[in-house]
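Input: a single structure, listed below in structure tokens.
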Amino acid sequence: MPVVTLPDGSKKNFDNPVTVAEVAASIGAGLAKAALAGKIGDKLVDTFHVINEDADLRIITDRDAEGLEIIRHSTAHLLAHAVKTLFPEAQVTIGPVIENGFYYDFSFARPFSVEDLAKIEAKMAEIAGQNYSVSRRVVSRNEAIEFFRNMGEEYKVRIIQDIPEDETLTIYQQGDFADLCRGPHVPATGILKAFKLTKVSGAYWRGDSNNEMLQRIYGTAWKDKKSLDEYLKNLEEAEKRDHRKLAKTMDLFHMQEEAPGMIFWHPNGWTIYRIIRDYISKKISDGGYEEVVTPQIVDLELWKKSGHWANFGEEMFTVEADDRKFAVKPMSCPCHVQIFKQGLKSYRDLPMRLAEFGCVHRNELTGAMHGLMRVRQLTQDDGHIFCTDEQIQQEASKFIQSVIDTYRDFGFNNIILKLATRPDKRIGSDELWDHAEGALADSLKGLGLEYEIKPGEGAFYGPKIEFHLKDCIGRMWQCGTLQLDYAQPARLEAYYIAEDGSKKVPVMLHRAIVGSIERFMGILLEHYAGRMPVWLTPIQVMVMNITDKQADFVSEMTEELRKHGLRAKSDLRNEKIGFKIREHTLEHIPYLLVAGDREVESRTVSVRTQDGKDLGTMPVDAFIALIKAEIARLGRTE
């Protein structure tokens, strides 16, 4: 009879096979009510799962990350249930969990409207209120195909036909609705009380633009109404901070159909871009890197040899010339290996650190592109360290500290570090992985940093450290990365002469501080809602006249500010001063200087901030000292 071991090490003995729900009830009524699922070892199971042998069990509730995922996936089924009830002719396809929510794709004769979403959401609440029990049954491949074909669900039939034959098929049922799913799910629909449908968009079947277009309904779900309300409030705040709107207000960039997913940079936007790039350039120079530039277009054979064509071929642009096929580079790694290979390298030459602001191209799907956050042309702060096994920990530690310092300079103090470890499908011996994971973990521990483990989420060639930022409204952004790679230098035949005279393949550390400059800039704009720190803002000072009589003085003061390295402009338009101030406040210019007859006579300026604070009248030298002191206080120099 089963012995169940709980997370605290305590054991419970049962005379007969027992369900997860019964184990929870044996612990307490509160836990029985809160139980959403169980976790036996690494496997999530339903509360009605029967335990008939000894097991390590953790009861999953809505306090667990896994619990929230189960709530969201169950709410996706609730959405499909509601759609099928209201629109029986609609066909269901897939409905996965995504960050902060879920979606479900449907095939339907006409577009879903905003009014339809409201009806669907109301029906979801009604079905949840019925508190249908959720059940699971295992079916054979033929049973599943017959079941869904009889229901008219041809997309489900196609999904089943693509599933490997050795995989167990399960159907989850709630009321009169059934869906193919691996599970687990909440025990009953009544648990699902805090959800909201957010939008509907088009999506290609299987993500392939050659296939038919489906309709994707997005939603969010949370453990309670308080959490949902807080998320929706943050969603409203995020809408206000949308960097695409800010780009128009601040005249930063635009995009157009003639170049989908690519940026037309305006002077203001390019100024911010250059400030970020120049900052990183100094950071990598101080870190002992040498900057390089590699070709945009490289023979496809190199990408096949490196393994990129097999793994990223669908995302790569190709061109043909001279009866040869070339790929537009999606990343710089293989090109940096080519630089390493020029000339014989000794162990004394290592570590070798190369960095590049690599302009790369990726064939992102039209529906996936989103302003600066996801583009087809981007610039990576790409870098690679070629080193020995013994140098991994030291190089990793230096890079980690550099990344953290960089994020703090840009105003991000909440940094989450994650160590992704060996996946099931990988190359290299366990001893090699032990060494690699240990070196990265030791580099984090040596700096006294806390980190999360992401089991099985490393690349097939090595473990990696991910750097996640939390912005001011709580959103997480994964930016920097440090990946350890034994495979690519070996595939591309890179080697160095070791101390004993033998040839050895170097370790290749792929590293990026911000990842994509474009995306990082979008994150910055939304984090600050456009009110960038003075050292980052494209126009730091706007100098304005009240009447034409002060035009020469304003021009003189503007030139004086520029001589001191400040990014200053003048507004000499024949407009009322109140109009000018409002306009430049909306443009998020930190300091607004006004000159009237009195200021000209005393050779001073009236100083206002974008927050509307009046700092009074002061000589331009005093203002220069004030703004430079603010820049210095923020840890930057111009």
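Chain lettering (A, B, ...) mirrors the order of the structure tokens, residue numbering begins at 1 for each chain separately, and ligand numbering begins at 1 in order of display.
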I'd like the neighbourhood of Gly456 of chain A as a CSV table (one decimal) with C-alpha atoms, in the first residue's frame, where a residue qualifies if any of its atoms comes within 10 Å (using only C-alpha atoms), though same-chain residues fewer than 6 positions away should be ignored.
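This is the output file out_15.csv:
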```csv
chain,number,residue,atom,x,y,z
A,419,LEU,CA,20.5,29.4,-14.6
A,420,ALA,CA,19.1,27.1,-17.4
A,421,THR,CA,20.5,23.6,-17.1
A,422,ARG,CA,21.0,20.5,-19.3
A,423,PRO,CA,18.1,19.5,-21.5
A,424,ASP,CA,17.2,15.9,-22.2
A,425,LYS,CA,18.5,16.2,-25.8
A,426,ARG,CA,22.0,17.4,-25.5
A,463,PRO,CA,23.9,25.8,-20.0
```
- Contacts of Glu230 of chain A at 12 Å or less, counting only C-alpha atoms, minus same-chain residues fewer than 6 places along, as a list in words? Ala194, Thr220, Ala221, Trp222, Lys223, Asp224, Glu236, Glu237, Ile473 and Gly474 of chain A
- Task: Quick one: everything within 12 Å of Lys43 of chain A, counting only C-alpha atoms, minus sequence neighbours fewer than 6 positions away in the same chain. Send it as a ChimeraX atom specification.
- Result: /A:37,49,55-60,66,182-184
Determine, counting only C-alpha atoms, which protein, DNA and RNA residues have an atom within 7 Å of an atom of Gly101 of chain A; residues of the same chain fewer than 2 positions away are not included. Present the result as a compact mmCIF listing (two decimals) with N, CA and C atoms, in the first residue's frame.
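Below you can see result.txt, which holds the result:
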```txt
# COMPACT_ATOMS: atom_id res chain seq x y z
N ARG A 72 -4.91 29.00 -15.78
CA ARG A 72 -4.98 29.65 -17.10
C ARG A 72 -5.31 28.65 -18.21
N VAL A 97 -1.26 28.11 -22.69
CA VAL A 97 -0.96 29.17 -21.73
C VAL A 97 0.17 30.04 -22.29
N ILE A 98 0.06 31.34 -22.11
CA ILE A 98 1.13 32.28 -22.45
C ILE A 98 1.41 33.14 -21.24
N GLU A 99 2.37 34.04 -21.34
CA GLU A 99 2.70 34.89 -20.20
C GLU A 99 1.48 35.71 -19.79
N GLY A 219 -6.90 35.99 -23.60
CA GLY A 219 -7.48 36.30 -22.31
C GLY A 219 -6.44 36.23 -21.21
N THR A 220 -6.83 36.69 -20.05
CA THR A 220 -5.96 36.59 -18.87
C THR A 220 -6.76 35.96 -17.74
N ALA A 221 -6.09 35.25 -16.86
CA ALA A 221 -6.77 34.60 -15.73
C ALA A 221 -5.86 34.63 -14.52
```
- Task: Any chance you could list, as a ChimeraX atom specification, the residues in segment 209-316 of chain A that come up helix (DSSP H, G or I) when DSSP is run on the backbone?
- Result: /A:225-240,243-250,267-286,300-306,308-315
- Item | For Phe520 of chain A, the nearest of the candidates A:Glu115, A:Glu493, A:Asp381, A:Asp286, counting only C-alpha atoms |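 Answer, going by the shortest atom-to-atom distance: A:Asp381.
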- Where does DSSP see strand (DSSP E or B) in segment 201-393 of chain A, if you list the residues as a ChimeraX atom specification? /A:201-204,213-222,253-254,264-265,290-291,297-299,318-321,324-328,346,352-361,370,374,377-387
- Message: Which residues are close to segment 82-90 of chain A, i.e. within 8 Å by only C-alpha atoms, leaving aside same-chain residues fewer than 3 positions away? Reply as JSON, numbers by chain.
- Response: {"A": [78, 79, 106, 107, 108, 109, 120, 121, 123, 124, 127]}
- Message: I need the residue nearest Leu192 of chain A from this list: A:Val4, A:Ile71, A:Ile263, A:Ile27. Use only C-alpha atoms for the distance.
- Response: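 Closest candidate: A:Ile71.
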